[in-house]
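Peer 1: Dropping in work-v7.csv, with CSV, C-alpha atoms.
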chain,number,residue,atom,x,y,z
T,15,MET,CA,128.1,105.2,135.4
T,16,THR,CA,129.9,105.2,132.0
T,17,ILE,CA,127.6,106.6,129.3
T,18,PRO,CA,127.7,104.3,126.3
T,19,THR,CA,128.5,105.8,122.9
T,20,HIS,CA,127.0,102.8,120.9
T,21,THR,CA,124.0,100.5,121.2
T,22,ARG,CA,122.7,97.4,119.5
T,23,GLU,CA,119.3,97.3,117.8
T,24,ILE,CA,117.1,94.8,115.9
T,25,HIS,CA,116.4,96.1,112.4
T,26,LEU,CA,113.8,94.8,109.9
T,27,ALA,CA,116.0,93.3,107.1
T,28,ALA,CA,113.2,92.1,104.8
T,29,ARG,CA,109.4,92.0,104.7
T,30,PRO,CA,108.1,88.5,105.3
T,31,ASN,CA,106.3,86.4,102.7
T,32,GLY,CA,103.8,84.6,105.0
T,33,ALA,CA,105.2,83.6,108.3
T,34,PRO,CA,108.3,85.7,109.4
T,35,VAL,CA,111.7,83.9,109.5
T,36,ALA,CA,114.9,84.7,111.3
T,37,THR,CA,116.5,86.3,108.2
T,38,ASP,CA,113.8,89.0,108.2
T,39,PHE,CA,115.7,90.5,111.1
T,40,ALA,CA,119.2,91.9,111.6
T,41,LEU,CA,121.2,92.7,114.8
T,42,VAL,CA,122.9,96.0,114.2
T,43,GLU,CA,125.4,98.1,116.2
T,44,ARG,CA,125.2,101.9,115.8
T,45,GLU,CA,126.4,105.1,117.3
T,46,LEU,CA,124.1,106.8,119.8
T,47,PRO,CA,123.3,110.4,118.9
T,48,GLU,CA,124.0,113.1,121.5
T,49,LEU,CA,121.1,114.1,123.6
T,50,ALA,CA,119.2,117.2,122.6
T,51,GLU,CA,117.3,119.4,125.0
T,52,GLY,CA,114.2,117.6,126.3
T,53,GLN,CA,115.6,114.1,125.7
T,54,ILE,CA,116.7,111.3,127.9
T,55,LEU,CA,118.9,108.2,127.4
T,56,VAL,CA,117.4,105.0,128.7
T,57,ARG,CA,119.2,101.7,129.4
T,58,ASN,CA,116.4,99.3,128.5
T,59,THR,CA,115.9,96.4,130.9
T,60,TRP,CA,112.7,94.8,129.5
T,61,MET,CA,110.9,94.9,126.1
T,62,SER,CA,107.4,93.8,125.1
T,63,VAL,CA,106.8,91.5,122.2
T,64,ASP,CA,103.2,91.5,120.9
T,65,PRO,CA,101.2,89.9,118.0
T,66,TYR,CA,100.3,93.3,116.4
T,67,MET,CA,104.0,93.7,115.5
T,68,ARG,CA,103.5,91.2,112.8
T,69,GLY,CA,101.2,93.6,110.9
T,70,ARG,CA,103.8,96.3,111.0
T,71,MET,CA,106.2,94.1,109.1
T,72,ASP,CA,104.0,94.4,106.0
T,73,ASP,CA,104.1,97.6,103.9
T,74,LYS,CA,100.4,98.3,103.9
T,75,PRO,CA,98.1,100.9,105.4
T,76,SER,CA,96.9,100.3,109.0
T,77,TYR,CA,96.2,102.2,112.2
T,78,ILE,CA,100.0,102.4,112.8
T,79,ALA,CA,102.8,102.9,110.3
T,80,PRO,CA,104.7,99.9,109.1
T,81,PHE,CA,108.3,99.2,110.2
T,82,GLU,CA,110.9,100.5,107.8
T,83,ILE,CA,113.4,98.3,106.1
T,84,GLY,CA,116.8,98.9,107.5
T,85,ALA,CA,115.6,100.7,110.6
T,86,ALA,CA,115.0,99.5,114.2
T,87,LEU,CA,111.7,98.0,115.1
T,88,GLU,CA,109.9,99.6,118.0
T,89,GLY,CA,107.5,98.7,120.8
T,90,SER,CA,106.9,99.1,124.5
T,91,ALA,CA,110.0,98.9,126.8
T,92,VAL,CA,110.9,99.8,130.3
T,93,GLY,CA,114.3,100.9,131.5
T,94,GLU,CA,116.4,103.3,133.7
T,95,VAL,CA,117.3,106.8,132.7
T,96,ILE,CA,121.1,107.0,132.6
T,97,ALA,CA,121.5,110.5,131.1
T,98,SER,CA,119.1,113.4,130.9
T,99,LYS,CA,118.6,116.8,129.4
T,100,ALA,CA,115.0,117.0,130.6
T,101,GLU,CA,113.0,117.2,133.8
T,102,ILE,CA,113.1,113.4,134.2
T,103,ALA,CA,116.0,112.7,136.6
T,104,VAL,CA,118.8,110.2,136.1
T,105,GLY,CA,117.8,107.0,137.9
T,106,THR,CA,114.1,107.2,137.1
T,107,THR,CA,112.4,104.1,135.8
T,108,VAL,CA,110.3,104.8,132.7
T,109,THR,CA,108.3,103.2,130.0
T,110,HIS,CA,108.5,104.3,126.4
T,111,PHE,CA,107.9,103.0,122.9
T,112,ALA,CA,111.5,102.7,121.6
T,113,GLY,CA,112.1,99.1,122.3
T,114,TRP,CA,114.1,96.6,120.2
T,115,ARG,CA,117.3,98.2,121.3
T,116,GLU,CA,119.5,98.1,124.3
T,117,HIS,CA,119.7,101.9,124.8
T,118,SER,CA,117.1,104.4,123.6
T,119,VAL,CA,117.3,108.2,123.1
T,120,VAL,CA,113.8,109.3,123.9
T,121,ASP,CA,111.9,112.6,124.0
T,122,ALA,CA,111.0,113.0,127.6
T,123,ALA,CA,107.5,114.0,126.7
T,124,SER,CA,107.0,110.5,125.2
T,125,ALA,CA,108.3,108.6,128.3
T,126,THR,CA,106.3,107.8,131.4
T,127,PRO,CA,107.9,107.5,134.8
T,128,ILE,CA,106.7,104.5,136.8
T,129,ASP,CA,106.9,103.5,140.4
T,130,PRO,CA,109.0,100.2,140.7
T,131,GLU,CA,107.8,99.9,144.3
T,132,LEU,CA,104.2,99.5,143.1
T,133,ALA,CA,105.0,96.4,141.1
T,134,ALA,CA,108.0,94.8,139.3
T,135,PRO,CA,108.9,97.0,136.3
T,136,GLN,CA,108.1,94.4,133.7
T,137,ARG,CA,104.5,94.3,135.0
T,138,PHE,CA,104.1,97.8,133.4
T,139,LEU,CA,104.5,96.0,130.0
T,140,GLY,CA,101.9,93.4,130.9
T,141,ALA,CA,99.1,93.5,133.5
T,142,LEU,CA,99.8,97.2,134.3
T,143,GLY,CA,100.5,98.2,130.7
T,144,THR,CA,98.6,98.3,127.5
T,145,THR,CA,98.1,94.5,127.7
T,146,GLY,CA,96.1,94.8,130.9
T,147,LEU,CA,94.4,98.0,129.7
T,148,THR,CA,93.2,96.2,126.6
T,149,ALA,CA,91.5,93.6,128.6
T,150,TYR,CA,90.0,96.1,131.0
T,151,ALA,CA,88.7,98.5,128.3
T,152,ALA,CA,87.3,95.6,126.3
T,153,LEU,CA,85.2,94.3,129.1
T,154,THR,CA,84.2,97.6,130.7
T,155,ASP,CA,83.4,99.6,127.6
T,156,VAL,CA,83.7,97.8,124.2
T,157,ALA,CA,81.8,94.6,125.2
T,158,LYS,CA,80.7,95.5,128.7
T,159,VAL,CA,80.4,92.6,131.2
T,160,GLU,CA,77.3,92.7,133.4
T,161,PRO,CA,76.9,90.7,136.6
T,162,GLY,CA,75.7,87.2,135.8
T,163,ASP,CA,77.1,87.1,132.3
T,164,THR,CA,78.8,84.1,130.7
T,165,VAL,CA,82.0,85.3,129.1
T,166,PHE,CA,84.1,83.5,126.5
T,167,ILE,CA,87.8,84.5,126.0
T,168,SER,CA,89.9,83.4,123.1
T,169,ALA,CA,93.7,83.1,123.5
T,170,ALA,CA,93.0,82.7,127.2
T,171,ALA,CA,96.5,81.6,128.1
T,172,GLY,CA,98.0,84.6,126.3
T,173,ALA,CA,98.9,88.1,127.6
T,174,VAL,CA,95.5,89.8,127.1
T,175,GLY,CA,93.3,86.7,127.5
T,176,SER,CA,94.7,85.5,130.8
T,177,VAL,CA,94.1,88.9,132.3
T,178,ALA,CA,90.7,89.4,130.7
T,179,GLY,CA,89.2,86.2,132.2
T,180,GLN,CA,90.2,87.3,135.7
T,181,ILE,CA,88.9,90.9,135.1
T,182,ALA,CA,85.6,89.4,133.9
T,183,ARG,CA,85.3,87.6,137.2
T,184,ALA,CA,86.1,90.8,139.1
T,185,LEU,CA,83.3,92.5,137.1
T,186,GLY,CA,80.7,90.0,138.2
T,187,ALA,CA,80.7,87.4,135.4
T,188,LYS,CA,78.8,84.2,136.4
T,189,ARG,CA,80.9,81.9,134.3
T,190,VAL,CA,84.2,82.4,132.4
T,191,ILE,CA,85.3,80.1,129.6
T,192,GLY,CA,88.7,80.2,127.9
T,193,SER,CA,90.1,78.8,124.7
T,194,ALA,CA,93.7,77.8,124.5
T,195,GLY,CA,95.9,75.4,122.5
T,196,GLY,CA,96.9,72.1,124.1
T,197,PRO,CA,96.4,70.4,127.4
T,198,VAL,CA,99.2,72.2,129.2
T,199,LYS,CA,97.7,75.7,128.4
T,200,THR,CA,94.1,74.7,129.2
T,201,ARG,CA,95.3,73.4,132.6
T,202,LYS,CA,97.0,76.7,133.3
T,203,VAL,CA,93.8,78.5,132.3
T,204,LEU,CA,91.9,76.6,134.9
T,205,GLU,CA,94.4,76.2,137.7
T,206,GLU,CA,96.5,79.4,137.4
T,207,PHE,CA,94.0,81.9,136.0
T,208,GLY,CA,90.8,80.6,137.6
T,209,PHE,CA,88.6,80.2,134.6
T,210,ASP,CA,85.5,77.9,135.1
T,211,ALA,CA,86.1,75.9,131.9
T,212,ALA,CA,88.8,75.6,129.3
T,213,ILE,CA,88.5,74.5,125.7
T,214,ASP,CA,91.4,73.0,123.8
T,215,TYR,CA,90.9,74.3,120.2
T,216,ARG,CA,93.5,72.0,118.9
T,217,ALA,CA,91.4,69.0,119.9
T,218,GLY,CA,88.8,69.9,117.2
T,219,ASP,CA,85.1,70.6,117.1
T,220,LEU,CA,85.3,74.0,118.8
T,221,ALA,CA,81.5,74.5,118.5
T,222,ALA,CA,80.7,71.3,120.4
T,223,GLN,CA,83.3,72.0,123.1
T,224,LEU,CA,81.8,75.5,123.6
T,225,ALA,CA,78.3,74.2,123.7
T,226,GLU,CA,79.3,71.8,126.4
T,227,ALA,CA,81.1,74.5,128.4
T,228,ALA,CA,78.2,77.0,128.0
T,229,PRO,CA,74.9,75.0,127.5
T,230,ASP,CA,73.0,78.3,128.0
T,231,GLY,CA,75.0,80.2,125.5
T,232,ILE,CA,77.4,83.1,126.1
T,233,ASP,CA,76.8,86.8,126.6
T,234,VAL,CA,80.2,88.3,125.9
T,235,TYR,CA,83.1,87.3,123.7
T,236,LEU,CA,86.6,88.8,123.6
T,237,ASP,CA,88.1,87.9,120.2
T,238,SER,CA,91.9,87.9,119.8
T,239,VAL,CA,91.9,85.1,117.2
T,240,GLY,CA,89.2,85.6,114.5
T,241,GLY,CA,88.5,82.8,112.0
T,242,GLU,CA,86.7,79.8,113.4
T,243,HIS,CA,86.6,81.3,116.9
T,244,LEU,CA,84.6,84.3,115.8
T,245,LYS,CA,82.3,82.1,113.7
T,246,VAL,CA,81.6,79.8,116.6
T,247,ALA,CA,81.2,82.6,119.1
T,248,ILE,CA,78.5,84.3,117.0
T,249,GLU,CA,76.6,81.0,116.9
T,250,ALA,CA,76.8,80.6,120.7
T,251,LEU,CA,76.0,84.2,121.7
T,252,ASN,CA,72.7,84.9,123.2
T,253,GLN,CA,70.3,87.7,122.0
T,254,HIS,CA,72.0,91.1,122.4
T,255,GLY,CA,75.4,89.5,123.0
T,256,ARG,CA,78.5,91.6,122.8
T,257,ILE,CA,81.8,91.0,121.0
T,258,ALA,CA,85.1,93.0,121.5
T,259,LEU,CA,87.2,92.6,118.4
T,260,VAL,CA,90.7,92.9,119.8
T,261,GLY,CA,92.8,90.9,117.3
T,262,ALA,CA,92.7,88.2,114.7
T,263,ILE,CA,96.0,86.4,115.1
T,264,SER,CA,94.8,83.4,113.0
T,265,GLY,CA,95.1,85.6,109.9
T,266,TYR,CA,98.2,87.7,110.6
T,267,ASN,CA,100.5,85.7,108.3
T,268,GLY,CA,98.2,86.1,105.4
T,269,THR,CA,96.6,82.7,105.7
T,270,THR,CA,93.0,82.4,104.5
T,271,THR,CA,90.2,80.9,106.4
T,272,HIS,CA,87.0,79.2,105.4
T,273,SER,CA,85.4,79.9,108.7
T,274,SER,CA,83.6,83.0,107.8
T,275,PRO,CA,81.3,84.4,110.5
T,276,ASP,CA,77.6,84.4,109.8
T,277,LEU,CA,76.9,88.2,110.0
T,278,TYR,CA,73.2,87.6,109.1
T,279,LEU,CA,72.9,85.5,112.3
T,280,ALA,CA,74.7,88.3,114.2
T,281,ALA,CA,72.0,90.7,112.8
T,282,THR,CA,69.1,88.6,113.8
T,283,LYS,CA,70.5,88.1,117.3
T,284,GLU,CA,71.0,91.9,117.5
T,285,LEU,CA,74.6,91.4,118.5
T,286,THR,CA,77.2,94.1,118.9
T,287,LEU,CA,80.5,93.6,117.3
T,288,ARG,CA,82.9,96.4,118.1
T,289,GLY,CA,86.5,96.8,117.3
T,290,MET,CA,89.0,98.5,119.6
T,291,LEU,CA,92.4,100.0,119.6
T,292,VAL,CA,94.0,100.4,123.0
T,293,THR,CA,95.5,103.7,121.9
T,294,SER,CA,92.0,105.1,122.2
T,295,TYR,CA,91.8,104.2,125.8
T,296,LEU,CA,95.2,105.5,127.2
T,297,PRO,CA,93.4,108.1,129.4
T,298,LEU,CA,91.8,105.1,131.2
T,299,PHE,CA,95.2,104.2,132.7
T,300,ALA,CA,94.5,106.6,135.6
T,301,GLU,CA,91.5,104.5,136.5
T,302,TYR,CA,92.9,101.1,135.7
T,303,ILE,CA,96.4,101.1,137.2
T,304,PRO,CA,95.3,101.6,140.9
T,305,LYS,CA,92.6,98.9,140.4
T,306,ALA,CA,95.0,96.4,138.7
T,307,ALA,CA,97.8,97.0,141.3
T,308,ALA,CA,95.4,96.3,144.1
T,309,TRP,CA,94.2,93.1,142.3
T,310,LEU,CA,97.8,92.0,141.9
T,311,ALA,CA,98.5,92.7,145.5
T,312,ASP,CA,95.5,90.8,146.9
T,313,GLY,CA,95.8,87.9,144.4
T,314,THR,CA,92.6,88.7,142.5
T,315,LEU,CA,94.8,89.0,139.4
T,316,ARG,CA,97.5,86.4,138.7
T,317,THR,CA,99.9,86.8,135.8
T,318,ALA,CA,102.4,84.6,133.9
T,319,GLU,CA,105.3,85.6,131.7
T,320,THR,CA,107.4,83.9,129.1
T,321,THR,CA,110.9,85.4,129.0
T,322,TYR,CA,113.6,85.3,126.4
T,323,GLU,CA,117.1,86.5,127.5
T,324,GLY,CA,119.0,89.1,125.5
T,325,LEU,CA,118.3,91.4,122.6
T,326,ASP,CA,119.5,88.8,120.1
T,327,GLN,CA,116.6,86.6,121.1
T,328,ALA,CA,113.9,89.2,120.4
T,329,PRO,CA,113.1,87.9,116.9
T,330,ALA,CA,112.7,84.4,118.2
T,331,ALA,CA,110.3,85.8,120.8
T,332,LEU,CA,108.2,87.4,118.2
T,333,LEU,CA,108.1,84.2,116.1
T,334,GLY,CA,107.2,82.4,119.3
T,335,VAL,CA,104.3,84.7,120.1
T,336,LEU,CA,102.9,84.3,116.7
T,337,THR,CA,102.8,80.5,117.0
T,338,GLY,CA,101.5,80.4,120.6
T,339,ALA,CA,104.8,79.6,122.3
T,340,ASN,CA,104.0,81.9,125.2
T,341,THR,CA,101.9,81.6,128.3
T,342,GLY,CA,100.9,85.1,129.5
T,343,LYS,CA,103.0,88.0,128.5
T,344,MET,CA,106.0,87.5,126.1
T,345,LEU,CA,108.9,89.6,127.2
T,346,VAL,CA,112.6,90.0,126.4
T,347,HIS,CA,115.0,90.6,129.3
T,348,LEU,CA,117.8,92.9,128.3
T,349,ALA,CA,119.7,93.6,131.4
If you convert what's in this file into structure tokens, what do you get?
Peer 2:
Amino acid sequence: MTIPTHTREIHLAARPNGAPVATDFALVERELPELAEGQILVRNTWMSVDPYMRGRMDDKPSYIAPFEIGAALEGSAVGEVIASKAEIAVGTTVTHFAGWREHSVVDAASATPIDPELAAPQRFLGALGTTGLTAYAALTDVAKVEPGDTVFISAAAGAVGSVAGQIARALGAKRVIGSAGGPVKTRKVLEEFGFDAAIDYRAGDLAAQLAEAAPDGIDVYLDSVGGEHLKVAIEALNQHGRIALVGAISGYNGTTTHSSPDLYLAATKELTLRGMLVTSYLPLFAEYIPKAAAWLADGTLRTAETTYEGLDQAPAALLGVLTGANTGKMLVHLA
């Protein structure tokens, strides 16, 4: 195999004002540096596009550093090692965090070899990656599902939500309800992901729809949306209910909301509202991946993917995930 001397990357060209636009990104070709000892060169084949990336486009403090103007964005990717000055052999399939480029020079210590025989490589960016781990940790630790619970999942047709609803069922939930946008997605939530009920939040009156789907209230809520969803969930939760605060995509573009949650009601119901960062749960992969791989193999866990082709389409994929264009995991296929 000919080792490339140059690669293409997506750089952040400008910080967005509100919703990102195409001109906030730039496709750049640059020379690849020579490998140092302990490094590998990866030909990326798939990259992940996730809602949290929107927050990194802003220059403000957070749990992870913002993207730099004029530098490549980054995120989870999977690919094949094509050159190595480390113990990871050429030909190994690995995951790493230097996505948004066609080839990545990576410290071997920050790359994880994966078994492509266990599942398709892109699954390690979705159901077998941090997406699936987020759903699993949220429902086994952050807002633990107990047998017999009624569970409400926001963004239920998305990457985390679609997996979470199925994991809730595997953990013994009595009833699983999902919220999604539009009749096509709510039908997928029911027919493909096996939820008991699906709410179309775009149809309006979210509170009434949830009350109809869960007349006895809910016990657990996984929140990826914030805003009105969180407000309505607090109102519907039973005493000692649990909420996993995973994301708040409704406010990622700086939009304001008048649907403030009633925290006094949360207090009187003795609810638990707990935030989570999946990076705090990476050691749980050793427990999660064998379970999830078995669930994929026996059909307990079904997945969906929305795929854009080519690195040049990565910005469009990110804009799409922020507007709900995806069903399941949003991916970019690079090769």
Peer 1: For each of T:Asp214, T:Asp121, T:Glu48, T:Asp64, take the minimum atom-to-atom distance to Val335 (chain T), counting all atoms listed in the file, then give the residue where this is smallest.
Peer 2: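 Among the listed residues, T:Asp64 lies closest to Val335 (chain T).
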Peer 1: Rounded to one decimal place, report the CA of Val177 (chain T)-CA of Leu259 (chain T) distance in Å.
Peer 2: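 It comes out at 16.0 Å.
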Peer 1: Skip region 310-323 of chain T itself and residues of its chain fewer than 3 positions away, then list as an MDAnalysis selection string all residues within 7 Å of it, counting all atoms listed in the file.
Peer 2: chainID T and resid 180 207 306:307 327 331 340:348
Peer 1: For those residues, write C-alpha atoms to a file as a PDB file, keeping the file's coordinate frame.
Peer 2:
ATOM      1  CA  GLN T 180      90.200  87.300 135.700  1.00  0.00           C
ATOM      2  CA  PHE T 207      94.000  81.900 136.000  1.00  0.00           C
ATOM      3  CA  ALA T 306      95.000  96.400 138.700  1.00  0.00           C
ATOM      4  CA  ALA T 307      97.800  97.000 141.300  1.00  0.00           C
ATOM      5  CA  GLN T 327     116.600  86.600 121.100  1.00  0.00           C
ATOM      6  CA  ALA T 331     110.300  85.800 120.800  1.00  0.00           C
ATOM      7  CA  ASN T 340     104.000  81.900 125.200  1.00  0.00           C
ATOM      8  CA  THR T 341     101.900  81.600 128.300  1.00  0.00           C
ATOM      9  CA  GLY T 342     100.900  85.100 129.500  1.00  0.00           C
ATOM     10  CA  LYS T 343     103.000  88.000 128.500  1.00  0.00           C
ATOM     11  CA  MET T 344     106.000  87.500 126.100  1.00  0.00           C
ATOM     12  CA  LEU T 345     108.900  89.600 127.200  1.00  0.00           C
ATOM     13  CA  VAL T 346     112.600  90.000 126.400  1.00  0.00           C
ATOM     14  CA  HIS T 347     115.000  90.600 129.300  1.00  0.00           C
ATOM     15  CA  LEU T 348     117.800  92.900 128.300  1.00  0.00           C
TER      16      LEU T 348
END
Peer 1: Go ahead and compute the interatomic distance for CA of Gly334 (chain T) and CA of Met67 (chain T), in Å to one decimal.
Peer 2: 12.3 Å
Peer 1: Excluding same-chain residues fewer than 5 positions from Pro127 (chain T), what lies within 12 Å of it counting only C-alpha atoms, as a PDB file with C-alpha atoms, keeping the file's coordinate frame?
Peer 2:
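Full text of around.pdb as output:
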ATOM      1  CA  ILE T  54     116.700 111.300 127.900  1.00  0.00           C
ATOM      2  CA  VAL T  56     117.400 105.000 128.700  1.00  0.00           C
ATOM      3  CA  ALA T  91     110.000  98.900 126.800  1.00  0.00           C
ATOM      4  CA  VAL T  92     110.900  99.800 130.300  1.00  0.00           C
ATOM      5  CA  GLY T  93     114.300 100.900 131.500  1.00  0.00           C
ATOM      6  CA  GLU T  94     116.400 103.300 133.700  1.00  0.00           C
ATOM      7  CA  VAL T  95     117.300 106.800 132.700  1.00  0.00           C
ATOM      8  CA  GLU T 101     113.000 117.200 133.800  1.00  0.00           C
ATOM      9  CA  ILE T 102     113.100 113.400 134.200  1.00  0.00           C
ATOM     10  CA  ALA T 103     116.000 112.700 136.600  1.00  0.00           C
ATOM     11  CA  VAL T 104     118.800 110.200 136.100  1.00  0.00           C
ATOM     12  CA  GLY T 105     117.800 107.000 137.900  1.00  0.00           C
ATOM     13  CA  THR T 106     114.100 107.200 137.100  1.00  0.00           C
ATOM     14  CA  THR T 107     112.400 104.100 135.800  1.00  0.00           C
ATOM     15  CA  VAL T 108     110.300 104.800 132.700  1.00  0.00           C
ATOM     16  CA  THR T 109     108.300 103.200 130.000  1.00  0.00           C
ATOM     17  CA  HIS T 110     108.500 104.300 126.400  1.00  0.00           C
ATOM     18  CA  ALA T 122     111.000 113.000 127.600  1.00  0.00           C
ATOM     19  CA  PRO T 135     108.900  97.000 136.300  1.00  0.00           C
ATOM     20  CA  PHE T 138     104.100  97.800 133.400  1.00  0.00           C
TER      21      PHE T 138
END
Peer 1: Could you pull the residues within 12 Å of Lys199 (chain T), counting all atoms listed in the file, minus those fewer than 3 positions along the same chain, as an mmCIF file with C-alpha atoms, in the coordinates of the input?
Peer 2:
data_model
loop_
_atom_site.group_PDB
_atom_site.id
_atom_site.type_symbol
_atom_site.label_atom_id
_atom_site.label_comp_id
_atom_site.auth_asym_id
_atom_site.auth_seq_id
_atom_site.Cartn_x
_atom_site.Cartn_y
_atom_site.Cartn_z
ATOM 1 C CA ALA T 169 93.700 83.100 123.500
ATOM 2 C CA ALA T 170 93.000 82.700 127.200
ATOM 3 C CA ALA T 171 96.500 81.600 128.100
ATOM 4 C CA GLY T 172 98.000 84.600 126.300
ATOM 5 C CA GLY T 175 93.300 86.700 127.500
ATOM 6 C CA SER T 176 94.700 85.500 130.800
ATOM 7 C CA GLY T 192 88.700 80.200 127.900
ATOM 8 C CA SER T 193 90.100 78.800 124.700
ATOM 9 C CA ALA T 194 93.700 77.800 124.500
ATOM 10 C CA GLY T 195 95.900 75.400 122.500
ATOM 11 C CA GLY T 196 96.900 72.100 124.100
ATOM 12 C CA LYS T 202 97.000 76.700 133.300
ATOM 13 C CA VAL T 203 93.800 78.500 132.300
ATOM 14 C CA LEU T 204 91.900 76.600 134.900
ATOM 15 C CA GLU T 205 94.400 76.200 137.700
ATOM 16 C CA GLU T 206 96.500 79.400 137.400
ATOM 17 C CA PHE T 207 94.000 81.900 136.000
ATOM 18 C CA PHE T 209 88.600 80.200 134.600
ATOM 19 C CA ALA T 212 88.800 75.600 129.300
ATOM 20 C CA ILE T 213 88.500 74.500 125.700
ATOM 21 C CA ASP T 214 91.400 73.000 123.800
ATOM 22 C CA TYR T 215 90.900 74.300 120.200
ATOM 23 C CA ARG T 216 93.500 72.000 118.900
ATOM 24 C CA ALA T 318 102.400 84.600 133.900
ATOM 25 C CA GLY T 338 101.500 80.400 120.600
ATOM 26 C CA ALA T 339 104.800 79.600 122.300
ATOM 27 C CA ASN T 340 104.000 81.900 125.200
ATOM 28 C CA THR T 341 101.900 81.600 128.300
ATOM 29 C CA GLY T 342 100.900 85.100 129.500
#
Peer 1: At what distance in Å, to one decimal, does CA of Val292 (chain T) lie from CA of Thr144 (chain T)?
Peer 2: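 Taking CA of Thr144 (chain T) as the start and CA of Val292 (chain T) as the end point, the length is 6.8 Å.
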